[in-house]
Amino acid sequence: MPAAGQPLLRIEGVAKTFGTFRAVDGVSLDIKAGEFFALLGPSGCGKTTLLRMLAGFEAPDEGRILLGGKDIAQALPHERPINMMFQNYALFPHLSVRDNIAFGLKRAGMARADIAMRVAEMVALVKLEGLEKRKPDQLSGGQCQRVALARALARRPQLLLLDEPLAALDKKLRESTQAELMELQRRLGMTFIIVTHDQEEAMTMASRIGVMKSGKLAQVASPRELYEAPRSRWIAEFVGDINLFDGESKLRDGHRLIIGTRDAGALVVAEPREPVGAGRFSIAIRPEKVKLSRRGPVSEVGRETAINRLDGVIADICYLGGTTTYKVKLDTGGTVQASVANSARLDVDAYSLNQHVVAWFTPDDCVVLQS
Amino acid sequence: MSTRRIFARPARFASIAPYVWMVLFFLVPFAFVLKISLSQTAIAQPPYEPVFDLTAGWDALRSAFAAFSIDNFRLLVSDDIYVFAYVRSLTVAITATALLLLIGYPIAYGMARLPKRWQAVAMVLVIVPFWTSFLIRIYAWINILQHDGLLNQILLTLHLVSQPVVWLSTDSAMYIGIVYSYLPFMILPLYATLAKMEPALEEAASDLGAPPWQVFWLVTFPLSLPGVGAGVLLCFIPIVGEFVIPDLLAGSNSLMIGQTLWLEFFTNKDWPVASAAAIALLVVLLVPLLLYERLQKRQLEQGR
């Protein structure tokens with residue numbers, strides 16, 4: 001066990017090259033005990049390679065992997081107190097559910113009676129009672145997923161790795177399983193690292209997310225920070241929907257910046273923490289922060305503070321049930337997306353195609369993104 | 001005309017084709033052999049009696065049937081020569097199949113773990129010997145194994161032996177020939193099962209704390225059993241009836257059943273006994289085949 005304050009897992013400058021392709025390119029990351037950490041990124045970003053290095057299936061070319069202060073970078077998979085739940089579960093097809101779960105316990109040299117007890121405990125934990133004697137091909141996808149989870153948890157690893165654990169489940173089952181996984185992780189107090197390409201999944205489950213791009217960690221932050229304060233244009237676009245306006249000029253006005261954009265005219269934004277440099281930059285605003293009205297801002301906020309007001313017509317309507325996304329073609333040339341909650345069942349106020357509207361948002365809702 | 005109609009006829013033909021094949025090329029010849037095995041030797045042409053003479057009428061046919069006897073099968077059991085030949089055939093087949101499995105498994109395993117494009121190359125290398133006639137390859141082995149052959153030259157040069165070893169006309173030469181000839185039939189089915197095995201299964205086993213040898217014995221090997229079964233049968237059955245390799249490479253003091261058959265047919269001109277021996281061999285081979293069939297069926301049922 002690591003000393004107080006020391007991270008459970010420390011990844012230091014880890015790199016892995018396949019041929020000439022640098023799959024993981026100098027990643028450093030600390031993960032504390034009890035965290036639910038998500039590695040998020042598009043396919044080919046190196047997240048799976050990084051996970052496989054933690055499990056021991058790949059040896060890093062550079063860097064160190066410290067688990068509880070001990071370097072395990074070159075240790076073989078069976079020597080690590082880490083277990084993994086595989087993407088397609090990798091259940092042993094010739095073994096029953098019970099034997100699949102007991103596999104790791106037997107390897108650890110546990111006594112028979114203890115194994116039986118632990119297996120029963122695991123079966124109950126993932127609610128598979130009565131299916132112990134079944135073979136994996138006699139189980140549904142959701143049941144296989146539970147067996148895989150029970151098998152990975154049975155050894156009580158210091159660290160559990162989950163490789164796209166929910167990718168093979170349908171949407172409803174995925175959502176309920178997400179909730180169960182989170183509950184389980186909290187209850188067991190275990191450290192989970194999950195790899196996923198699904199940003200919603202990462203946001204829902206993880207306490208912290210590391211976004212990977214081209215083998216590097218682009219940003220490590222809480223879900224809220226990642227969404228509200230993305231560090232780059234690429235992250236902003238990868239995590240959720242966003243409106244982006246390229247900045248052309250900037251002017252300081254107290255604590256505000258007035259940014260000239262080609263597509264949306266002049267926009268007032270709050271001054272970012274880091275000063276805006278000389279390079280390319282853009283203004284980003286999430287669709288749900290863009291309000292629509294027929295005549296202009298009506299809220300108190302709008303009257304008091306400088307606001308951004310863009311005139312246009314509704315060009316596209318996308319009804320999603322809980323919300324409706326309107327695409328507004330601006331008089332200045334660009335388009336802006338606004339996501340509006342459908343808070344009333346009978347919405348006589350809903351906008352219609354080609355209707356003239358005002359899209360508006362406050363300076364604080366804007367983010368200035370460089371590069 | 002709908003697509004269904006167009007394909008219906010060939011599809012129906014395709015489904016009965018195997019049965020037509022079986023009847024024409026297995027059941028009919030089998031009936032001939034069975035008939036001869038129940039006949040008696042005769043100095044005549046053909047060298048056995050009774051002979052069905054369909055022109056002689058119903059009574060002649062009935063008396064021909066009455067003349068059938070199982071004496072030849074009694075002879076097979078009572079005469080040591082045949083019993084020994086069967087025992088030797090089974091011993092050779094079991095030993096050779098075990099050797100083949102021992103040698104073929106590591107090769108197939110290695111092939112399945114090669115990078116994809118090298119797997120195709122390895123596959124060609126396994127099959128390439130088939131491009132040369134089987135008989136020529138066995139004669140090549142005679143050349144290699146003879147008194148001043150390549151093998152003895154190498155052994156002498158390396159000072160592993162002080163004088164040439166007698167290889168030809170020994171069981172060692174026969175086993176070398178059999179293993180060499182049948183190796184592809186062992187490797188290919190093993191390779192097929194090993195190559196399609198999900199690599200994540202072995203990773204999962206090692207992730208759960210199994211050192212490499214346990215990964216092999218607890219996961220890889222059990223999952224490759226269908227391939228092992230197919231390879232073992234593909235080798236075992238033809239080796240039991242093998243004639244050419246023991247005839248050319250092994251000594252003549254103990255014969256396999258294929259050689260005994262040959263002797264009865266061509267040297268002794270005793271077609272009925274030879275036929276009886278052939279039918280007995282078929283029955284002996286049917287047992288492992290049926291066992292394998294049952295095993296496969298069980299696996300299929302588990303697969304459901």
# chains A, B, ... in the order shown; residues from 1 in each chain; ligands from 1

call {"tool": "select_by_dssp", "arguments": {"residues": "segment 25-266 of chain B", "states": "strand (DSSP E or B)", "output": "PyMOL selection string"}}
result
chain B and resi 40-41+48-49

call {"tool": "write_last_selection", "arguments": {"atoms": "C-alpha atoms", "output": "PDB file, in the first residue's frame"}}
result
ATOM      1  CA  GLN B  40     -13.360 -70.002 -50.558  1.00  0.00           C
ATOM      2  CA  THR B  41     -10.073 -69.976 -52.410  1.00  0.00           C
ATOM      3  CA  TYR B  48     -12.434 -67.920 -55.410  1.00  0.00           C
ATOM      4  CA  GLU B  49     -15.801 -69.629 -55.339  1.00  0.00           C
TER       5      GLU B  49
END

call {"tool": "closest_atom_pairs", "arguments": {"of": "chain B", "to": "chain A", "cutoff": "12 Å", "atoms": "only C-alpha atoms", "output": "tab-separated table"}}
result
residue	atom	partner	partner_atom	distance
B:Met197	CA	A:Ala90	CA	10.7
B:Glu198	CA	A:Ala90	CA	7.8
B:Pro199	CA	A:Ala90	CA	8.8
B:Ala200	CA	A:Ala90	CA	5.7
B:Leu201	CA	A:Ala90	CA	5.1
B:Glu202	CA	A:Ala90	CA	8.7
B:Glu203	CA	A:Phe57	CA	7.2
B:Ala204	CA	A:Ala90	CA	6.5
B:Ala205	CA	A:Gly104	CA	7.8
B:Ser206	CA	A:His78	CA	4.9
B:Asp207	CA	A:Pro77	CA	5.1
B:Leu208	CA	A:Gly104	CA	4.5
B:Gly209	CA	A:His78	CA	3.9
B:Ala210	CA	A:His78	CA	5.7
B:Pro211	CA	A:His78	CA	6.1
B:Pro212	CA	A:His78	CA	8.7
B:Trp213	CA	A:His78	CA	11.6
B:Gln214	CA	A:Arg107	CA	8.8
B:Val215	CA	A:His78	CA	10.0
B:Leu218	CA	A:Phe103	CA	9.4
B:Val219	CA	A:Phe92	CA	7.3
B:Thr220	CA	A:Phe92	CA	10.0
B:Phe221	CA	A:His94	CA	10.8
B:Pro222	CA	A:His94	CA	7.5
B:Leu223	CA	A:His94	CA	7.0
B:Ser224	CA	A:His94	CA	10.6
B:Leu225	CA	A:His94	CA	10.6
B:Pro226	CA	A:His94	CA	11.9
B:Gln299	CA	A:His94	CA	9.8
B:Leu300	CA	A:Asp137	CA	11.4
B:Glu301	CA	A:Gln138	CA	10.8
B:Gln302	CA	A:Lys135	CA	8.0
B:Gly303	CA	A:Asp137	CA	6.5
B:Arg304	CA	A:Gln138	CA	6.7

call {"tool": "write_last_selection", "arguments": {"atoms": "N, CA and C atoms", "output": "short mmCIF file (atom, residue, chain, number, x, y, z; two decimals), in the first residue's frame"}}
result
data_model
loop_
_atom_site.label_atom_id
_atom_site.label_comp_id
_atom_site.auth_asym_id
_atom_site.auth_seq_id
_atom_site.Cartn_x
_atom_site.Cartn_y
_atom_site.Cartn_z
N MET B 197 -7.84 -19.09 -32.45
CA MET B 197 -8.07 -18.88 -31.01
C MET B 197 -7.84 -17.40 -30.66
N GLU B 198 -8.73 -16.84 -29.87
CA GLU B 198 -8.63 -15.43 -29.51
C GLU B 198 -7.40 -15.21 -28.62
N PRO B 199 -6.46 -14.33 -29.02
CA PRO B 199 -5.27 -14.12 -28.19
C PRO B 199 -5.63 -13.59 -26.81
N ALA B 200 -6.76 -12.90 -26.71
CA ALA B 200 -7.16 -12.34 -25.41
C ALA B 200 -7.37 -13.43 -24.36
N LEU B 201 -7.68 -14.65 -24.79
CA LEU B 201 -7.91 -15.73 -23.82
C LEU B 201 -6.63 -16.06 -23.07
N GLU B 202 -5.51 -16.12 -23.81
CA GLU B 202 -4.23 -16.39 -23.16
C GLU B 202 -3.82 -15.21 -22.29
N GLU B 203 -4.11 -14.01 -22.78
CA GLU B 203 -3.79 -12.81 -21.99
C GLU B 203 -4.59 -12.81 -20.69
N ALA B 204 -5.87 -13.17 -20.80
CA ALA B 204 -6.73 -13.19 -19.62
C ALA B 204 -6.16 -14.17 -18.59
N ALA B 205 -5.71 -15.34 -19.07
CA ALA B 205 -5.18 -16.34 -18.15
C ALA B 205 -3.94 -15.80 -17.44
N SER B 206 -3.05 -15.14 -18.19
CA SER B 206 -1.84 -14.64 -17.54
C SER B 206 -2.17 -13.45 -16.65
N ASP B 207 -3.18 -12.68 -17.04
CA ASP B 207 -3.62 -11.56 -16.20
C ASP B 207 -4.15 -12.07 -14.86
N LEU B 208 -4.75 -13.26 -14.89
CA LEU B 208 -5.33 -13.82 -13.66
C LEU B 208 -4.29 -14.63 -12.87
N GLY B 209 -3.02 -14.46 -13.23
CA GLY B 209 -1.96 -15.02 -12.39
C GLY B 209 -1.37 -16.33 -12.86
N ALA B 210 -1.68 -16.75 -14.08
CA ALA B 210 -1.13 -18.01 -14.55
C ALA B 210 0.20 -17.78 -15.24
N PRO B 211 1.28 -18.44 -14.77
CA PRO B 211 2.56 -18.36 -15.49
C PRO B 211 2.42 -19.07 -16.85
N PRO B 212 3.35 -18.81 -17.78
CA PRO B 212 3.19 -19.30 -19.16
C PRO B 212 2.83 -20.78 -19.29
N TRP B 213 3.45 -21.67 -18.50
CA TRP B 213 3.14 -23.10 -18.68
C TRP B 213 1.71 -23.40 -18.26
N GLN B 214 1.20 -22.68 -17.28
CA GLN B 214 -0.21 -22.90 -16.89
C GLN B 214 -1.16 -22.33 -17.93
N VAL B 215 -0.76 -21.19 -18.52
CA VAL B 215 -1.58 -20.63 -19.59
C VAL B 215 -1.76 -21.67 -20.68
N LEU B 218 -3.81 -24.92 -19.19
CA LEU B 218 -5.17 -24.67 -18.70
C LEU B 218 -6.07 -24.02 -19.74
N VAL B 219 -5.47 -23.34 -20.72
CA VAL B 219 -6.29 -22.62 -21.69
C VAL B 219 -5.98 -23.05 -23.12
N THR B 220 -4.74 -22.85 -23.56
CA THR B 220 -4.42 -23.11 -24.97
C THR B 220 -4.69 -24.56 -25.35
N PHE B 221 -4.11 -25.50 -24.59
CA PHE B 221 -4.24 -26.90 -24.98
C PHE B 221 -5.69 -27.40 -24.95
N PRO B 222 -6.42 -27.18 -23.86
CA PRO B 222 -7.82 -27.66 -23.87
C PRO B 222 -8.63 -27.09 -25.03
N LEU B 223 -8.36 -25.82 -25.37
CA LEU B 223 -9.14 -25.21 -26.45
C LEU B 223 -8.70 -25.69 -27.82
N SER B 224 -7.52 -26.33 -27.90
CA SER B 224 -7.07 -26.82 -29.20
C SER B 224 -7.43 -28.29 -29.40
N LEU B 225 -8.14 -28.89 -28.44
CA LEU B 225 -8.46 -30.31 -28.53
C LEU B 225 -9.19 -30.73 -29.81
N PRO B 226 -10.12 -29.92 -30.32
CA PRO B 226 -10.74 -30.33 -31.59
C PRO B 226 -9.69 -30.51 -32.69
N GLN B 299 -19.23 -31.93 -28.21
CA GLN B 299 -18.72 -30.56 -28.22
C GLN B 299 -19.70 -29.62 -28.89
N LEU B 300 -20.34 -30.09 -29.96
CA LEU B 300 -21.32 -29.27 -30.64
C LEU B 300 -22.48 -28.95 -29.71
N GLU B 301 -22.90 -29.97 -28.95
CA GLU B 301 -24.02 -29.74 -28.04
C GLU B 301 -23.64 -28.74 -26.95
N GLN B 302 -22.39 -28.83 -26.50
CA GLN B 302 -21.93 -27.86 -25.50
C GLN B 302 -21.86 -26.47 -26.10
N GLY B 303 -21.55 -26.46 -27.40
CA GLY B 303 -21.43 -25.17 -28.08
C GLY B 303 -22.74 -24.42 -28.19
N ARG B 304 -23.83 -25.11 -27.87
CA ARG B 304 -25.13 -24.46 -28.04
C ARG B 304 -25.56 -23.66 -26.83
#

call {"tool": "residues_around", "arguments": {"residues": "segment 262-264 of chain B", "least_positions_apart": "6", "cutoff": "8 Å", "atoms": "only C-alpha atoms", "output": "list of chain:residue names"}}
result
B:Asp270, B:Trp271, B:Val273, B:Ala274

call {"tool": "write_last_selection", "arguments": {"atoms": "C-alpha atoms", "output": "compact mmCIF listing (two decimals), in the first residue's frame"}}
result
# COMPACT_ATOMS: atom_id res chain seq x y z
CA ASP B 270 -5.70 -65.93 -51.42
CA TRP B 271 -8.29 -63.28 -52.17
CA VAL B 273 -8.47 -64.28 -46.63
CA ALA B 274 -7.11 -60.94 -47.84

call {"tool": "residues_around", "arguments": {"residues": "segment 90-106 of chain B", "least_positions_apart": "4", "cutoff": "10 Å", "atoms": "only C-alpha atoms", "output": "PyMOL selection string"}}
result
chain B and resi 84-86+110-112+171+174-180+182-188+190-191+194+221+224+227-228+231-242+246+256-257+284-285

call {"tool": "residues_around", "arguments": {"residues": "Thr324 of chain A", "least_positions_apart": "5", "cutoff": "6 Å", "atoms": "only C-alpha atoms", "output": "number ranges by chain"}}
result
A: 318-319, 339-340

call {"tool": "write_last_selection", "arguments": {"atoms": "C-alpha atoms", "output": "JSON list (two decimals), in the first residue's frame"}}
result
[["chain", "number", "residue", "atom", "x", "y", "z"],
["A", 318, "CYS", "CA", -33.68, 18.54, -34.64],
["A", 319, "TYR", "CA", -36.13, 17.21, -32.06],
["A", 339, "SER", "CA", -30.05, 23.38, -27.60],
["A", 340, "VAL", "CA", -33.34, 24.19, -25.89]]

call {"tool": "closest_residue", "arguments": {"among": "A:Leu244, A:Val14, A:Ile259, A:Ala150", "to": "Asn308 of chain A", "atoms": "only C-alpha atoms"}}
result
A:Ile259

call {"tool": "select_by_dssp", "arguments": {"residues": "segment 37-187 of chain A", "states": "helix (DSSP H, G or I)", "output": "ChimeraX atom specification"}}
result
/A:47-55,77-79,97-107,112-125,136-138,141-153,171-187

call {"tool": "residues_around", "arguments": {"residues": "segment 43-51 of chain A", "least_positions_apart": "4", "cutoff": "6 Å", "atoms": "only C-alpha atoms", "output": "ChimeraX atom specification"}}
result
/A:23-24,212-215

call {"tool": "residues_around", "arguments": {"residues": "segment 201-209 of chain A", "least_positions_apart": "5", "cutoff": "12 Å", "atoms": "only C-alpha atoms", "output": "compact mmCIF listing (two decimals) with N, CA and C atoms, in the first residue's frame"}}
result
# COMPACT_ATOMS: atom_id res chain seq x y z
N LEU A 29 1.26 10.45 -15.57
CA LEU A 29 -0.07 10.53 -14.96
C LEU A 29 0.00 9.93 -13.56
N ASP A 30 -0.67 10.57 -12.60
CA ASP A 30 -0.79 10.02 -11.25
C ASP A 30 -2.23 9.61 -11.02
N ILE A 31 -2.44 8.45 -10.44
CA ILE A 31 -3.79 8.04 -10.11
C ILE A 31 -3.83 7.66 -8.64
N LYS A 32 -4.75 8.27 -7.93
CA LYS A 32 -4.84 8.05 -6.48
C LYS A 32 -5.68 6.80 -6.21
N GLY A 34 -8.60 4.61 -5.01
CA GLY A 34 -10.02 4.87 -4.90
C GLY A 34 -10.59 5.72 -6.02
N GLU A 35 -9.75 6.09 -6.97
CA GLU A 35 -10.24 6.90 -8.08
C GLU A 35 -10.95 6.05 -9.12
N PHE A 36 -11.87 6.66 -9.83
CA PHE A 36 -12.47 6.05 -11.01
C PHE A 36 -12.00 6.91 -12.18
N PHE A 37 -10.97 6.43 -12.85
CA PHE A 37 -10.31 7.23 -13.87
C PHE A 37 -10.67 6.71 -15.25
N ALA A 38 -10.95 7.64 -16.17
CA ALA A 38 -11.28 7.23 -17.54
C ALA A 38 -10.23 7.72 -18.50
N LEU A 39 -9.76 6.83 -19.37
CA LEU A 39 -8.90 7.23 -20.48
C LEU A 39 -9.81 7.32 -21.69
N LEU A 40 -9.94 8.54 -22.21
CA LEU A 40 -10.89 8.80 -23.28
C LEU A 40 -10.14 9.25 -24.52
N GLY A 41 -10.58 8.76 -25.66
CA GLY A 41 -9.94 9.21 -26.90
C GLY A 41 -10.48 8.45 -28.07
N LYS A 47 -4.82 4.86 -26.12
CA LYS A 47 -5.37 4.58 -24.79
C LYS A 47 -5.33 3.09 -24.46
N LEU A 162 -10.40 -1.65 -17.06
CA LEU A 162 -11.58 -2.04 -17.83
C LEU A 162 -11.42 -1.52 -19.25
N GLU A 164 -12.99 -0.86 -22.58
CA GLU A 164 -14.29 -0.71 -23.25
C GLU A 164 -15.28 -1.74 -22.70
N PRO A 165 -15.54 -1.72 -21.39
CA PRO A 165 -16.28 -2.83 -20.80
C PRO A 165 -17.74 -2.89 -21.23
N LEU A 166 -18.28 -1.79 -21.72
CA LEU A 166 -19.72 -1.77 -22.00
C LEU A 166 -20.02 -1.65 -23.48
N ALA A 167 -18.96 -1.70 -24.30
CA ALA A 167 -19.14 -1.43 -25.74
C ALA A 167 -20.07 -2.43 -26.41
N LYS A 171 -27.97 0.05 -25.54
CA LYS A 171 -27.95 1.33 -24.83
C LYS A 171 -28.56 1.26 -23.43
N ARG A 174 -26.47 -0.71 -21.11
CA ARG A 174 -25.22 0.01 -20.87
C ARG A 174 -25.42 1.03 -19.76
N GLU A 175 -26.55 1.76 -19.83
CA GLU A 175 -26.79 2.79 -18.83
C GLU A 175 -26.96 2.21 -17.44
N SER A 176 -27.72 1.10 -17.34
CA SER A 176 -27.92 0.52 -16.01
C SER A 176 -26.61 -0.08 -15.50
N THR A 177 -25.80 -0.63 -16.41
CA THR A 177 -24.54 -1.22 -16.00
C THR A 177 -23.55 -0.15 -15.54
N GLN A 178 -23.60 0.99 -16.22
CA GLN A 178 -22.76 2.12 -15.78
C GLN A 178 -23.03 2.44 -14.32
N ALA A 179 -24.31 2.56 -14.00
CA ALA A 179 -24.68 2.90 -12.63
C ALA A 179 -24.20 1.83 -11.66
N GLU A 180 -24.34 0.54 -12.06
CA GLU A 180 -23.92 -0.55 -11.18
C GLU A 180 -22.41 -0.55 -10.96
N LEU A 181 -21.68 -0.28 -12.04
CA LEU A 181 -20.22 -0.24 -11.94
C LEU A 181 -19.78 0.84 -10.97
N MET A 182 -20.42 2.02 -11.09
CA MET A 182 -20.05 3.13 -10.21
C MET A 182 -20.35 2.78 -8.75
N GLU A 183 -21.53 2.16 -8.55
CA GLU A 183 -21.94 1.79 -7.20
C GLU A 183 -20.94 0.79 -6.62
N LEU A 184 -20.57 -0.19 -7.46
CA LEU A 184 -19.64 -1.25 -7.06
C LEU A 184 -18.28 -0.67 -6.69
N GLN A 185 -17.82 0.26 -7.52
CA GLN A 185 -16.50 0.85 -7.29
C GLN A 185 -16.48 1.61 -5.98
N ARG A 186 -17.57 2.34 -5.72
CA ARG A 186 -17.67 3.09 -4.46
C ARG A 186 -17.69 2.14 -3.28
N THR A 191 -9.70 0.94 -7.04
CA THR A 191 -9.29 1.91 -8.05
C THR A 191 -9.58 1.33 -9.43
N PHE A 192 -10.34 2.08 -10.21
CA PHE A 192 -10.72 1.62 -11.55
C PHE A 192 -10.09 2.53 -12.60
N ILE A 193 -9.55 1.93 -13.65
CA ILE A 193 -9.18 2.71 -14.83
C ILE A 193 -9.94 2.13 -16.00
N ILE A 194 -10.74 2.97 -16.61
CA ILE A 194 -11.57 2.49 -17.72
C ILE A 194 -11.10 3.15 -19.00
N VAL A 195 -11.05 2.38 -20.06
CA VAL A 195 -10.71 2.92 -21.38
C VAL A 195 -11.99 2.96 -22.18
N THR A 196 -12.27 4.10 -22.78
CA THR A 196 -13.49 4.21 -23.58
C THR A 196 -13.31 5.25 -24.68
N LEU A 217 -1.36 12.70 -23.64
CA LEU A 217 -2.49 13.14 -22.83
C LEU A 217 -2.76 14.60 -23.17
N ALA A 218 -3.93 14.87 -23.73
CA ALA A 218 -4.25 16.24 -24.14
C ALA A 218 -4.75 17.06 -22.95
N GLN A 219 -5.50 16.41 -22.05
CA GLN A 219 -5.99 17.11 -20.86
C GLN A 219 -6.42 16.09 -19.82
N VAL A 220 -6.09 16.36 -18.56
CA VAL A 220 -6.57 15.52 -17.47
C VAL A 220 -7.38 16.41 -16.55
N ALA A 221 -8.66 16.11 -16.41
CA ALA A 221 -9.52 17.00 -15.64
C ALA A 221 -10.77 16.26 -15.20
N SER A 222 -11.53 16.91 -14.32
CA SER A 222 -12.82 16.35 -13.93
C SER A 222 -13.76 16.50 -15.12
N PRO A 223 -14.84 15.69 -15.15
CA PRO A 223 -15.77 15.79 -16.28
C PRO A 223 -16.27 17.22 -16.50
N ARG A 224 -16.60 17.92 -15.41
CA ARG A 224 -17.14 19.28 -15.56
C ARG A 224 -16.10 20.23 -16.16
N GLU A 225 -14.87 20.13 -15.64
CA GLU A 225 -13.83 21.01 -16.14
C GLU A 225 -13.54 20.74 -17.61
N LEU A 226 -13.55 19.45 -17.94
CA LEU A 226 -13.27 19.05 -19.32
C LEU A 226 -14.32 19.65 -20.26
N TYR A 227 -15.56 19.64 -19.79
CA TYR A 227 -16.66 20.09 -20.63
C TYR A 227 -16.71 21.61 -20.68
N PRO A 230 -12.46 23.24 -21.72
CA PRO A 230 -11.54 22.41 -22.51
C PRO A 230 -10.29 23.20 -22.85
N ILE A 235 -10.20 19.23 -28.11
CA ILE A 235 -10.89 18.62 -26.97
C ILE A 235 -12.33 19.11 -26.91
N VAL A 239 -15.34 16.41 -26.97
CA VAL A 239 -16.22 16.20 -25.83
C VAL A 239 -17.47 17.04 -26.02
N GLY A 240 -18.55 16.43 -26.46
CA GLY A 240 -19.82 17.13 -26.61
C GLY A 240 -19.86 18.01 -27.85

call {"tool": "atom_distance", "arguments": {"atom1": "atom CA of Thr193 of chain B", "atom2": "atom CA of Gly141 of chain A"}}
result
24.0 Å

call {"tool": "closest_residue", "arguments": {"among": "A:Trp234, A:Phe245, A:Tyr326, A:Phe18", "to": "Ser293 of chain A", "atoms": "only C-alpha atoms"}}
result
A:Tyr326
